[in-house]
file work-v4.cif (mmCIF, C-alpha atoms; chains and numbers go by the auth columns)
data_protein
loop_
_atom_site.group_PDB
_atom_site.id
_atom_site.type_symbol
_atom_site.label_atom_id
_atom_site.label_comp_id
_atom_site.label_asym_id
_atom_site.label_seq_id
_atom_site.Cartn_x
_atom_site.Cartn_y
_atom_site.Cartn_z
_atom_site.B_iso_or_equiv
_atom_site.auth_seq_id
_atom_site.auth_asym_id
ATOM 1 C CA MET A 1 -31.305 12.462 -16.946 0.00 984 U
ATOM 2 C CA THR A 2 -30.935 14.490 -13.795 0.00 985 U
ATOM 3 C CA ASN A 3 -28.260 13.673 -11.222 0.00 986 U
ATOM 4 C CA TRP A 4 -25.931 12.259 -13.872 0.00 987 U
ATOM 5 C CA ASP A 5 -22.286 12.742 -12.991 0.00 988 U
ATOM 6 C CA ALA A 6 -19.263 12.642 -15.295 0.00 989 U
ATOM 7 C CA THR A 7 -18.771 8.899 -14.779 0.00 990 U
ATOM 8 C CA ARG A 8 -22.251 8.042 -16.013 0.00 991 U
ATOM 9 C CA TRP A 9 -21.838 10.277 -19.061 0.00 992 U
ATOM 10 C CA LEU A 10 -18.477 8.681 -19.813 0.00 993 U
ATOM 11 C CA ARG A 11 -20.010 5.196 -19.632 0.00 994 U
ATOM 12 C CA LEU A 12 -22.829 6.261 -21.933 0.00 995 U
ATOM 13 C CA VAL A 13 -20.364 7.688 -24.454 0.00 996 U
ATOM 14 C CA LEU A 14 -18.280 4.502 -24.307 0.00 997 U
ATOM 15 C CA ALA A 15 -21.406 2.399 -24.854 0.00 998 U
ATOM 16 C CA ILE A 16 -22.299 4.430 -27.939 0.00 999 U
ATOM 17 C CA ILE A 17 -18.738 4.222 -29.290 0.00 1000 U
ATOM 18 C CA PHE A 18 -18.617 0.443 -28.822 0.00 1001 U
ATOM 19 C CA LEU A 19 -22.055 0.072 -30.398 0.00 1002 U
ATOM 20 C CA ILE A 20 -20.965 2.033 -33.459 0.00 1003 U
ATOM 21 C CA ALA A 21 -17.755 -0.013 -33.654 0.00 1004 U
ATOM 22 C CA GLY A 22 -19.736 -3.240 -33.346 0.00 1005 U
ATOM 23 C CA ILE A 23 -22.098 -2.250 -36.119 0.00 1006 U
ATOM 24 C CA GLY A 24 -19.239 -1.132 -38.385 0.00 1007 U
ATOM 25 C CA GLN A 25 -16.998 -4.147 -37.840 0.00 1008 U
ATOM 26 C CA GLN A 26 -19.625 -6.810 -37.001 0.00 1009 U
ATOM 27 C CA GLU A 27 -17.641 -7.609 -33.857 0.00 1010 U
ATOM 28 C CA PRO A 28 -19.518 -9.452 -31.067 0.00 1011 U
ATOM 29 C CA VAL A 29 -17.028 -8.316 -28.411 0.00 1012 U
ATOM 30 C CA ALA A 30 -17.892 -4.684 -29.180 0.00 1013 U
ATOM 31 C CA TYR A 31 -21.593 -5.483 -28.683 0.00 1014 U
ATOM 32 C CA VAL A 32 -20.831 -7.029 -25.293 0.00 1015 U
ATOM 33 C CA ALA A 33 -18.763 -4.001 -24.273 0.00 1016 U
ATOM 34 C CA ALA A 34 -21.548 -1.670 -25.433 0.00 1017 U
ATOM 35 C CA ALA A 35 -24.105 -3.602 -23.406 0.00 1018 U
ATOM 36 C CA PHE A 36 -21.813 -3.637 -20.368 0.00 1019 U
ATOM 37 C CA PHE A 37 -21.193 0.112 -20.373 0.00 1020 U
ATOM 38 C CA GLY A 38 -24.790 0.863 -21.345 0.00 1021 U
ATOM 39 C CA VAL A 39 -26.211 -1.064 -18.389 0.00 1022 U
ATOM 40 C CA GLN A 40 -23.727 0.617 -16.059 0.00 1023 U
ATOM 41 C CA ALA A 41 -24.759 4.049 -17.307 0.00 1024 U
ATOM 42 C CA LEU A 42 -28.501 3.442 -17.253 0.00 1025 U
ATOM 43 C CA PHE A 43 -28.709 1.791 -13.825 0.00 1026 U
ATOM 44 C CA ASN A 44 -25.826 3.751 -12.212 0.00 1027 U
ATOM 45 C CA VAL A 45 -23.915 0.712 -11.053 0.00 1028 U
ATOM 46 C CA GLY A 46 -20.162 0.346 -10.976 0.00 1029 U
ATOM 47 C CA CYS A 47 -17.892 -2.492 -11.823 0.00 1030 U
ATOM 48 C CA CYS A 48 -18.807 -4.474 -8.694 0.00 1031 U
ATOM 49 C CA GLY A 49 -22.528 -3.842 -8.410 0.00 1032 U
ATOM 50 C CA ALA A 50 -23.693 -1.417 -5.750 0.00 1033 U
ATOM 51 C CA SER A 51 -20.374 -1.418 -3.892 0.00 1034 U
ATOM 52 C CA CYS A 52 -18.690 0.659 -6.625 0.00 1035 U
ATOM 53 C CA ALA A 53 -21.595 2.946 -7.403 0.00 1036 U
ATOM 54 C CA SER A 54 -20.782 6.598 -7.674 0.00 1037 U
ATOM 55 C CA THR A 55 -21.331 8.769 -4.644 0.00 1038 U
ATOM 56 C CA ARG A 56 -24.507 10.729 -4.296 0.00 1039 U
ATOM 57 C CA THR A 57 -24.335 14.467 -4.342 0.00 1040 U
ATOM 58 C CA SER A 58 -25.891 15.460 -1.047 0.00 1041 U
ATOM 59 C CA ALA A 59 -25.266 18.091 1.548 0.00 1042 U
ATOM 60 C CA PRO A 60 -22.029 17.576 3.493 0.00 1043 U
ATOM 61 C CA ARG A 61 -22.317 16.070 6.920 0.00 1044 U
ATOM 62 C CA SER A 62 -21.928 18.292 9.896 0.00 1045 U
ATOM 63 C CA THR A 63 -18.586 17.971 11.667 0.00 1046 U
ATOM 64 C CA ASN A 64 -19.795 19.683 14.819 0.00 1047 U
ATOM 65 C CA THR A 65 -20.943 16.472 16.485 0.00 1048 U
ATOM 66 C CA PRO A 66 -18.929 15.618 19.582 0.00 1049 U
ATOM 67 C CA THR A 67 -16.913 12.417 19.495 0.00 1050 U
ATOM 68 C CA LYS A 68 -17.279 9.812 22.204 0.00 1051 U
ATOM 69 C CA GLU A 69 -14.234 8.681 24.098 0.00 1052 U
ATOM 70 C CA VAL A 70 -13.353 5.040 23.617 0.00 1053 U
ATOM 71 C CA ILE A 71 -12.876 2.991 26.753 0.00 1054 U
ATOM 72 C CA TYR A 72 -10.532 0.016 26.492 0.00 1055 U
ATOM 73 C CA GLU A 73 -10.598 -2.953 28.847 0.00 1056 U
ATOM 74 C CA GLU A 74 -7.657 -5.272 29.332 0.00 1057 U
ATOM 75 C CA VAL A 75 -8.589 -8.937 29.064 0.00 1058 U
ATOM 76 C CA HIS A 76 -6.370 -11.577 30.689 0.00 1059 U
#

call {"tool": "encode", "arguments": {"input": "work-v4.cif", "output": "structure tokens"}}
result
Amino acid sequence: MTNWDATRWLRLVLAIIFLIAGIGQQEPVAYVAAAFFGVQALFNVGCCGASCASTRTSAPRSTNTPTKEVIYEEVH
């Protein structure tokens, strides 16, 4: 469970809460919510697949790289 951020822990806690609620109330919707949040926590995916996945914690990018000047051409 290394590299787990707060969002993954929150999803895991929500999955456990919904699972307990589903067991206590015999509610199928709670089981679905528990499975949804559990899969998100275990596989580190967001609401829209990989496009909403949490950011990786890596070294910041260097800002010392020079920027290239953009050349525009007029088209008639």

call {"tool": "atom_distance", "arguments": {"input": "work-v4.cif", "atom1": "atom CA of Glu1010 of chain U", "atom2": "atom CA of Arg991 of chain U"}}
result
24.2 Å

call {"tool": "residues_around", "arguments": {"input": "work-v4.cif", "residues": "Leu995 of chain U", "least_positions_apart": "5", "cutoff": "8 Å", "atoms": "only C-alpha atoms", "output": "PyMOL selection string"}}
result
chain U and resi 1020-1021+1024-1025

call {"tool": "resolve_selection", "arguments": {"input": "work-v4.cif", "expression": "the PyMOL selection byres ((chain U and resi 1014-1018) around 9)", "output": "list in words"}}
result
Leu995, Leu997, Ala998, Ile999, Ile1000, Phe1001, Leu1002, Ile1003, Ala1004, Gly1005, Ile1006, Gln1009, Glu1010, Pro1011, Val1012, Ala1013, Phe1019, Phe1020, Gly1021, Val1022 and Gln1023 of chain U

call {"tool": "build_atoms", "arguments": {"input": "work-v4.cif", "residues": "segment 1001-1035 of chain U", "atoms": "N, CA and C atoms", "output": "PDB file, keeping the file's coordinate frame"}}
result
ATOM      1  N   PHE U1001     -18.733   1.885 -28.586  1.00  0.00           N
ATOM      2  CA  PHE U1001     -18.617   0.443 -28.822  1.00  0.00           C
ATOM      3  C   PHE U1001     -19.758  -0.077 -29.694  1.00  0.00           C
ATOM      4  N   LEU U1002     -20.935   0.491 -29.555  1.00  0.00           N
ATOM      5  CA  LEU U1002     -22.055   0.072 -30.398  1.00  0.00           C
ATOM      6  C   LEU U1002     -21.793   0.431 -31.855  1.00  0.00           C
ATOM      7  N   ILE U1003     -21.290   1.625 -32.091  1.00  0.00           N
ATOM      8  CA  ILE U1003     -20.965   2.033 -33.459  1.00  0.00           C
ATOM      9  C   ILE U1003     -19.855   1.152 -34.028  1.00  0.00           C
ATOM     10  N   ALA U1004     -18.842   0.858 -33.202  1.00  0.00           N
ATOM     11  CA  ALA U1004     -17.755  -0.013 -33.654  1.00  0.00           C
ATOM     12  C   ALA U1004     -18.271  -1.415 -33.939  1.00  0.00           C
ATOM     13  N   GLY U1005     -19.179  -1.910 -33.120  1.00  0.00           N
ATOM     14  CA  GLY U1005     -19.736  -3.240 -33.346  1.00  0.00           C
ATOM     15  C   GLY U1005     -20.547  -3.319 -34.620  1.00  0.00           C
ATOM     16  N   ILE U1006     -21.313  -2.277 -34.886  1.00  0.00           N
ATOM     17  CA  ILE U1006     -22.098  -2.250 -36.119  1.00  0.00           C
ATOM     18  C   ILE U1006     -21.182  -2.161 -37.335  1.00  0.00           C
ATOM     19  N   GLY U1007     -20.141  -1.326 -37.236  1.00  0.00           N
ATOM     20  CA  GLY U1007     -19.239  -1.132 -38.385  1.00  0.00           C
ATOM     21  C   GLY U1007     -18.380  -2.343 -38.679  1.00  0.00           C
ATOM     22  N   GLN U1008     -17.924  -3.029 -37.648  1.00  0.00           N
ATOM     23  CA  GLN U1008     -16.998  -4.147 -37.840  1.00  0.00           C
ATOM     24  C   GLN U1008     -17.648  -5.517 -37.665  1.00  0.00           C
ATOM     25  N   GLN U1009     -18.915  -5.545 -37.279  1.00  0.00           N
ATOM     26  CA  GLN U1009     -19.625  -6.810 -37.001  1.00  0.00           C
ATOM     27  C   GLN U1009     -18.857  -7.640 -35.973  1.00  0.00           C
ATOM     28  N   GLU U1010     -18.456  -6.982 -34.887  1.00  0.00           N
ATOM     29  CA  GLU U1010     -17.641  -7.609 -33.857  1.00  0.00           C
ATOM     30  C   GLU U1010     -18.490  -7.864 -32.606  1.00  0.00           C
ATOM     31  N   PRO U1011     -18.688  -9.139 -32.237  1.00  0.00           N
ATOM     32  CA  PRO U1011     -19.518  -9.452 -31.067  1.00  0.00           C
ATOM     33  C   PRO U1011     -18.948  -8.919 -29.749  1.00  0.00           C
ATOM     34  N   VAL U1012     -17.635  -8.825 -29.636  1.00  0.00           N
ATOM     35  CA  VAL U1012     -17.028  -8.316 -28.411  1.00  0.00           C
ATOM     36  C   VAL U1012     -17.407  -6.851 -28.203  1.00  0.00           C
ATOM     37  N   ALA U1013     -17.497  -6.087 -29.277  1.00  0.00           N
ATOM     38  CA  ALA U1013     -17.892  -4.684 -29.180  1.00  0.00           C
ATOM     39  C   ALA U1013     -19.343  -4.567 -28.718  1.00  0.00           C
ATOM     40  N   TYR U1014     -20.195  -5.486 -29.152  1.00  0.00           N
ATOM     41  CA  TYR U1014     -21.593  -5.483 -28.683  1.00  0.00           C
ATOM     42  C   TYR U1014     -21.661  -5.770 -27.182  1.00  0.00           C
ATOM     43  N   VAL U1015     -20.853  -6.698 -26.720  1.00  0.00           N
ATOM     44  CA  VAL U1015     -20.831  -7.029 -25.293  1.00  0.00           C
ATOM     45  C   VAL U1015     -20.330  -5.831 -24.485  1.00  0.00           C
ATOM     46  N   ALA U1016     -19.285  -5.180 -24.973  1.00  0.00           N
ATOM     47  CA  ALA U1016     -18.763  -4.001 -24.273  1.00  0.00           C
ATOM     48  C   ALA U1016     -19.795  -2.874 -24.275  1.00  0.00           C
ATOM     49  N   ALA U1017     -20.509  -2.703 -25.369  1.00  0.00           N
ATOM     50  CA  ALA U1017     -21.548  -1.670 -25.433  1.00  0.00           C
ATOM     51  C   ALA U1017     -22.668  -1.972 -24.447  1.00  0.00           C
ATOM     52  N   ALA U1018     -23.062  -3.230 -24.357  1.00  0.00           N
ATOM     53  CA  ALA U1018     -24.105  -3.602 -23.406  1.00  0.00           C
ATOM     54  C   ALA U1018     -23.631  -3.413 -21.961  1.00  0.00           C
ATOM     55  N   PHE U1019     -22.374  -3.775 -21.709  1.00  0.00           N
ATOM     56  CA  PHE U1019     -21.813  -3.637 -20.368  1.00  0.00           C
ATOM     57  C   PHE U1019     -21.812  -2.180 -19.916  1.00  0.00           C
ATOM     58  N   PHE U1020     -21.252  -1.297 -20.743  1.00  0.00           N
ATOM     59  CA  PHE U1020     -21.193   0.112 -20.373  1.00  0.00           C
ATOM     60  C   PHE U1020     -22.577   0.763 -20.406  1.00  0.00           C
ATOM     61  N   GLY U1021     -23.440   0.310 -21.288  1.00  0.00           N
ATOM     62  CA  GLY U1021     -24.790   0.863 -21.345  1.00  0.00           C
ATOM     63  C   GLY U1021     -25.598   0.549 -20.102  1.00  0.00           C
ATOM     64  N   VAL U1022     -25.500  -0.682 -19.618  1.00  0.00           N
ATOM     65  CA  VAL U1022     -26.211  -1.064 -18.389  1.00  0.00           C
ATOM     66  C   VAL U1022     -25.651  -0.302 -17.192  1.00  0.00           C
ATOM     67  N   GLN U1023     -24.333  -0.150 -17.145  1.00  0.00           N
ATOM     68  CA  GLN U1023     -23.727   0.617 -16.059  1.00  0.00           C
ATOM     69  C   GLN U1023     -24.220   2.059 -16.067  1.00  0.00           C
ATOM     70  N   ALA U1024     -24.323   2.660 -17.225  1.00  0.00           N
ATOM     71  CA  ALA U1024     -24.759   4.049 -17.307  1.00  0.00           C
ATOM     72  C   ALA U1024     -26.238   4.192 -16.961  1.00  0.00           C
ATOM     73  N   LEU U1025     -27.062   3.304 -17.472  1.00  0.00           N
ATOM     74  CA  LEU U1025     -28.501   3.442 -17.253  1.00  0.00           C
ATOM     75  C   LEU U1025     -28.914   3.164 -15.818  1.00  0.00           C
ATOM     76  N   PHE U1026     -28.312   2.164 -15.184  1.00  0.00           N
ATOM     77  CA  PHE U1026     -28.709   1.791 -13.825  1.00  0.00           C
ATOM     78  C   PHE U1026     -27.789   2.352 -12.744  1.00  0.00           C
ATOM     79  N   ASN U1027     -26.760   3.116 -13.138  1.00  0.00           N
ATOM     80  CA  ASN U1027     -25.826   3.751 -12.212  1.00  0.00           C
ATOM     81  C   ASN U1027     -25.180   2.745 -11.268  1.00  0.00           C
ATOM     82  N   VAL U1028     -24.663   1.688 -11.832  1.00  0.00           N
ATOM     83  CA  VAL U1028     -23.915   0.712 -11.053  1.00  0.00           C
ATOM     84  C   VAL U1028     -22.473   0.725 -11.534  1.00  0.00           C
ATOM     85  N   GLY U1029     -21.579   0.373 -10.627  1.00  0.00           N
ATOM     86  CA  GLY U1029     -20.162   0.346 -10.976  1.00  0.00           C
ATOM     87  C   GLY U1029     -19.733  -1.029 -11.412  1.00  0.00           C
ATOM     88  N   CYS U1030     -18.457  -1.237 -11.351  1.00  0.00           N
ATOM     89  CA  CYS U1030     -17.892  -2.492 -11.823  1.00  0.00           C
ATOM     90  C   CYS U1030     -18.241  -3.666 -10.910  1.00  0.00           C
ATOM     91  N   CYS U1031     -18.530  -3.402  -9.658  1.00  0.00           N
ATOM     92  CA  CYS U1031     -18.807  -4.474  -8.694  1.00  0.00           C
ATOM     93  C   CYS U1031     -20.219  -4.368  -8.124  1.00  0.00           C
ATOM     94  N   GLY U1032     -21.169  -3.995  -8.916  1.00  0.00           N
ATOM     95  CA  GLY U1032     -22.528  -3.842  -8.410  1.00  0.00           C
ATOM     96  C   GLY U1032     -22.665  -2.568  -7.606  1.00  0.00           C
ATOM     97  N   ALA U1033     -23.414  -2.616  -6.531  1.00  0.00           N
ATOM     98  CA  ALA U1033     -23.693  -1.417  -5.750  1.00  0.00           C
ATOM     99  C   ALA U1033     -22.500  -0.953  -4.938  1.00  0.00           C
ATOM    100  N   SER U1034     -21.510  -1.819  -4.715  1.00  0.00           N
ATOM    101  CA  SER U1034     -20.374  -1.418  -3.892  1.00  0.00           C
ATOM    102  C   SER U1034     -19.483  -0.398  -4.592  1.00  0.00           C
ATOM    103  N   CYS U1035     -19.515  -0.307  -5.907  1.00  0.00           N
ATOM    104  CA  CYS U1035     -18.690   0.659  -6.625  1.00  0.00           C
ATOM    105  C   CYS U1035     -19.512   1.791  -7.222  1.00  0.00           C
TER     106      CYS U1035
END
